Amino acid sequence: MNSRAPLAPDTLAALARQAPLELEIETDDQGVAIRLPGAPLSFYHSFTSGALARRARQPKQALLRACNNKARSILKVLDLTAGWGADSLTLACHGQRVTLLEQNRLICAILDYSLQCLAREPTSSEVAGRMRLEQAEAGAYLRQLADDRAFDCIYLDPMFPNHKSSAKPAKEMQILQALTANLDIASGFELALQKARKRVVVKRPAKAPALTAVQPDIVYREKTIRFDVYLTG
């Protein structure tokens with residue numbers, strides 16, 4: 001886990017007041033409640049309880065197959081677009097060491113708080129120890145990486161484009177979209193191909209085209225999403 005000093009709840013509240021939209025934050029010993037009163041939308045972010053935590057511990061997910069190999073030799077993963085950290089938590093729950101990048105200061109602070117809650121749980125502290133959080137922009141982070149290919153796998157989860165149907169994304173994704181945006185994701189992908197030791201994995205809607213003209217080597221599918229795998233070594 002990151003080595004920063006513990007994050008105080010009033011720090012989160014102060015960051016929420018600086019957000020470009022009306023936002024309410026409330027913390028407890030499990031995570032962070034986030035509300036957008038004007039929407040209205042609410043979401044409880046926790047790595048220790050609730051749907052996010054339950055999903056992370058489920059085996060046989062396509063994500064787990066995409067971010068590993070038959071030799072089980074993909075040990076270090078860089079999540080370029082952490083968002084709410086759900087996929088990083090899943091990978092960490094199943095034994096991989098994950099570095100999470102999030103450029104938005106408030107989202108990063110929420111992740112940090114939830115990671116602290118996870119680390120305090122005796123049954124989950126080992127999982128938290130496999131997660132390292134950094135506030136950074138993906139492109140800048142990749143450019144400063146040494147050429148020793150420190151990460152076996154680099155993972156990208158760009159926010160999905162708006163769909164033609166009237167169905168709205170889950171409320172936690174609506175809140176995430178209201179707070180941040182994908183910036184130059186194609187450039188980040190190209191850099192990732194240069195830096196990943198073994199593979200780059202991109203999460204896409206099931207029927208969407210590939211992120212760029214580069215076609216994946218392997219594709220793992222679920223009902224509404226897929227994982228495009230680009231082998232790099």
# chains A, B, ... in the order shown; residues from 1 in each chain; ligands from 1
$ select_by_dssp --residues "stretch 121-168 of chain A" --states "helix (DSSP H, G or I)" --output "number ranges by chain"
A: 125-129, 138-144
$ select_by_dssp --residues "stretch 91-228 of chain A" --states "strand (DSSP E or B)" --output "mmCIF file with C-alpha atoms, in the first residue's frame"
data_model
loop_
_atom_site.group_PDB
_atom_site.id
_atom_site.type_symbol
_atom_site.label_atom_id
_atom_site.label_comp_id
_atom_site.auth_asym_id
_atom_site.auth_seq_id
_atom_site.Cartn_x
_atom_site.Cartn_y
_atom_site.Cartn_z
ATOM 1 C CA ARG A 97 0.616 -6.634 -6.996
ATOM 2 C CA VAL A 98 -1.089 -3.586 -8.475
ATOM 3 C CA THR A 99 -0.035 0.033 -8.802
ATOM 4 C CA LEU A 100 -3.098 2.251 -9.198
ATOM 5 C CA LEU A 101 -2.813 5.597 -11.003
ATOM 6 C CA MET A 131 -2.073 -2.272 -3.731
ATOM 7 C CA ARG A 132 0.001 0.878 -4.215
ATOM 8 C CA LEU A 133 -1.789 4.135 -5.048
ATOM 9 C CA GLU A 134 -0.275 7.127 -6.821
ATOM 10 C CA CYS A 153 0.952 -6.038 -17.455
ATOM 11 C CA ILE A 154 -0.412 -2.545 -18.033
ATOM 12 C CA TYR A 155 -4.202 -2.235 -17.750
ATOM 13 C CA LEU A 156 -6.457 0.469 -19.188
ATOM 14 C CA ARG A 199 0.974 -7.547 -22.157
ATOM 15 C CA VAL A 200 -1.359 -4.570 -22.299
ATOM 16 C CA VAL A 201 -5.038 -5.147 -21.490
ATOM 17 C CA VAL A 202 -7.826 -2.762 -22.527
ATOM 18 C CA LYS A 203 -11.402 -3.008 -21.226
ATOM 19 C CA ARG A 204 -14.028 -2.282 -23.898
ATOM 20 C CA PRO A 205 -17.803 -2.513 -24.385
ATOM 21 C CA ILE A 218 -6.380 -12.306 -27.556
ATOM 22 C CA VAL A 219 -9.916 -11.308 -26.528
ATOM 23 C CA TYR A 220 -11.748 -12.408 -23.370
ATOM 24 C CA ARG A 221 -15.480 -11.755 -23.335
ATOM 25 C CA ILE A 225 -17.745 -6.130 -21.819
ATOM 26 C CA ARG A 226 -14.590 -7.620 -23.234
ATOM 27 C CA PHE A 227 -10.863 -7.444 -22.529
ATOM 28 C CA ASP A 228 -8.536 -6.906 -25.497
#
$ closest_atom_pairs --of "stretch 64-139 of chain A" --to "stretch 190-196 of chain A" --cutoff "10 Å" --atoms "only C-alpha atoms" --output "Markdown table"
| residue | atom | partner | partner_atom | distance |
| --- | --- | --- | --- | --- |
| A:Val77 | CA | A:Ala196 | CA | 9.0 |
| A:Leu78 | CA | A:Ala196 | CA | 8.8 |
| A:Leu80 | CA | A:Ala192 | CA | 8.9 |
| A:Ala138 | CA | A:Ala192 | CA | 9.3 |
| A:Gly139 | CA | A:Leu191 | CA | 7.3 |
$ residues_around --residues "A:Lys76" --least-positions-apart "3" --cutoff "10 Å" --atoms "only C-alpha atoms" --output "mmCIF file with C-alpha atoms, in the first residue's frame"
data_model
loop_
_atom_site.group_PDB
_atom_site.id
_atom_site.type_symbol
_atom_site.label_atom_id
_atom_site.label_comp_id
_atom_site.auth_asym_id
_atom_site.auth_seq_id
_atom_site.Cartn_x
_atom_site.Cartn_y
_atom_site.Cartn_z
ATOM 1 C CA CYS A 67 -4.326 -9.996 -16.869
ATOM 2 C CA ASN A 68 -2.503 -13.298 -16.383
ATOM 3 C CA SER A 73 3.959 -15.309 -14.265
ATOM 4 C CA ASP A 79 -3.620 0.182 -13.646
ATOM 5 C CA LEU A 91 -6.422 -8.409 -9.205
ATOM 6 C CA ALA A 92 -4.984 -7.818 -5.725
ATOM 7 C CA GLY A 95 -2.571 -12.412 -5.634
ATOM 8 C CA GLN A 96 -1.193 -9.809 -8.027
ATOM 9 C CA ARG A 97 0.616 -6.634 -6.996
ATOM 10 C CA VAL A 98 -1.089 -3.586 -8.475
ATOM 11 C CA THR A 99 -0.035 0.033 -8.802
ATOM 12 C CA ARG A 130 -0.508 -5.596 -2.659
ATOM 13 C CA ALA A 150 8.975 -2.866 -14.486
ATOM 14 C CA PHE A 151 5.356 -4.012 -14.988
ATOM 15 C CA ASP A 152 4.376 -7.366 -16.452
ATOM 16 C CA CYS A 153 0.952 -6.038 -17.455
ATOM 17 C CA ILE A 154 -0.412 -2.545 -18.033
ATOM 18 C CA ARG A 197 6.908 -6.464 -20.175
#
$ closest_residue --among "A:Ile107, A:Gln58, A:Asp10, A:Cys117" --to "A:Asp28" --atoms "only C-alpha atoms"
A:Cys117
$ closest_residue --among "A:Thr224, A:Ala82, A:Thr232, A:Glu137" --to "A:Ala62" --atoms "only C-alpha atoms"
A:Thr224
$ closest_residue --among "A:Val127, A:Gly233, A:Glu22, A:Asn69" --to "A:Pro37" --atoms "only C-alpha atoms"
A:Glu22
$ residues_around --residues "A:Arg35" --least-positions-apart "6" --cutoff "7 Å" --atoms "only C-alpha atoms" --output "ChimeraX atom specification"
/A:23-25,41-43
$ write_last_selection --atoms "N, CA and C atoms" --output "mmCIF file, in the first residue's frame"
data_model
loop_
_atom_site.group_PDB
_atom_site.id
_atom_site.type_symbol
_atom_site.label_atom_id
_atom_site.label_comp_id
_atom_site.auth_asym_id
_atom_site.auth_seq_id
_atom_site.Cartn_x
_atom_site.Cartn_y
_atom_site.Cartn_z
ATOM 1 N N LEU A 23 -21.160 18.497 -4.158
ATOM 2 C CA LEU A 23 -20.782 17.148 -3.763
ATOM 3 C C LEU A 23 -20.755 17.048 -2.252
ATOM 4 N N GLU A 24 -21.283 15.944 -1.708
ATOM 5 C CA GLU A 24 -21.263 15.699 -0.270
ATOM 6 C C GLU A 24 -20.493 14.413 0.010
ATOM 7 N N ILE A 25 -19.636 14.459 1.020
ATOM 8 C CA ILE A 25 -18.793 13.321 1.398
ATOM 9 C C ILE A 25 -19.009 13.002 2.869
ATOM 10 N N LEU A 41 -27.624 11.646 -7.160
ATOM 11 C CA LEU A 41 -26.920 10.378 -7.262
ATOM 12 C C LEU A 41 -26.167 10.132 -5.963
ATOM 13 N N SER A 42 -26.040 8.870 -5.581
ATOM 14 C CA SER A 42 -25.237 8.536 -4.405
ATOM 15 C C SER A 42 -24.537 7.208 -4.635
ATOM 16 N N PHE A 43 -23.417 7.035 -3.951
ATOM 17 C CA PHE A 43 -22.599 5.840 -4.116
ATOM 18 C C PHE A 43 -21.759 5.675 -2.865
#
$ atom_distance --atom1 "atom CA of A:Gly129" --atom2 "atom CA of A:Ala13"
25.9 Å
$ atom_distance --atom1 "atom CA of A:Cys93" --atom2 "atom CA of A:Gln135"
21.7 Å
$ atom_distance --atom1 "atom CA of A:Gln215" --atom2 "atom CA of A:Leu231"
10.7 Å
$ closest_residue --among "A:Ile34, A:Leu12, A:Ala208, A:Ile185" --to "A:Glu172" --atoms "only C-alpha atoms"
A:Ile34
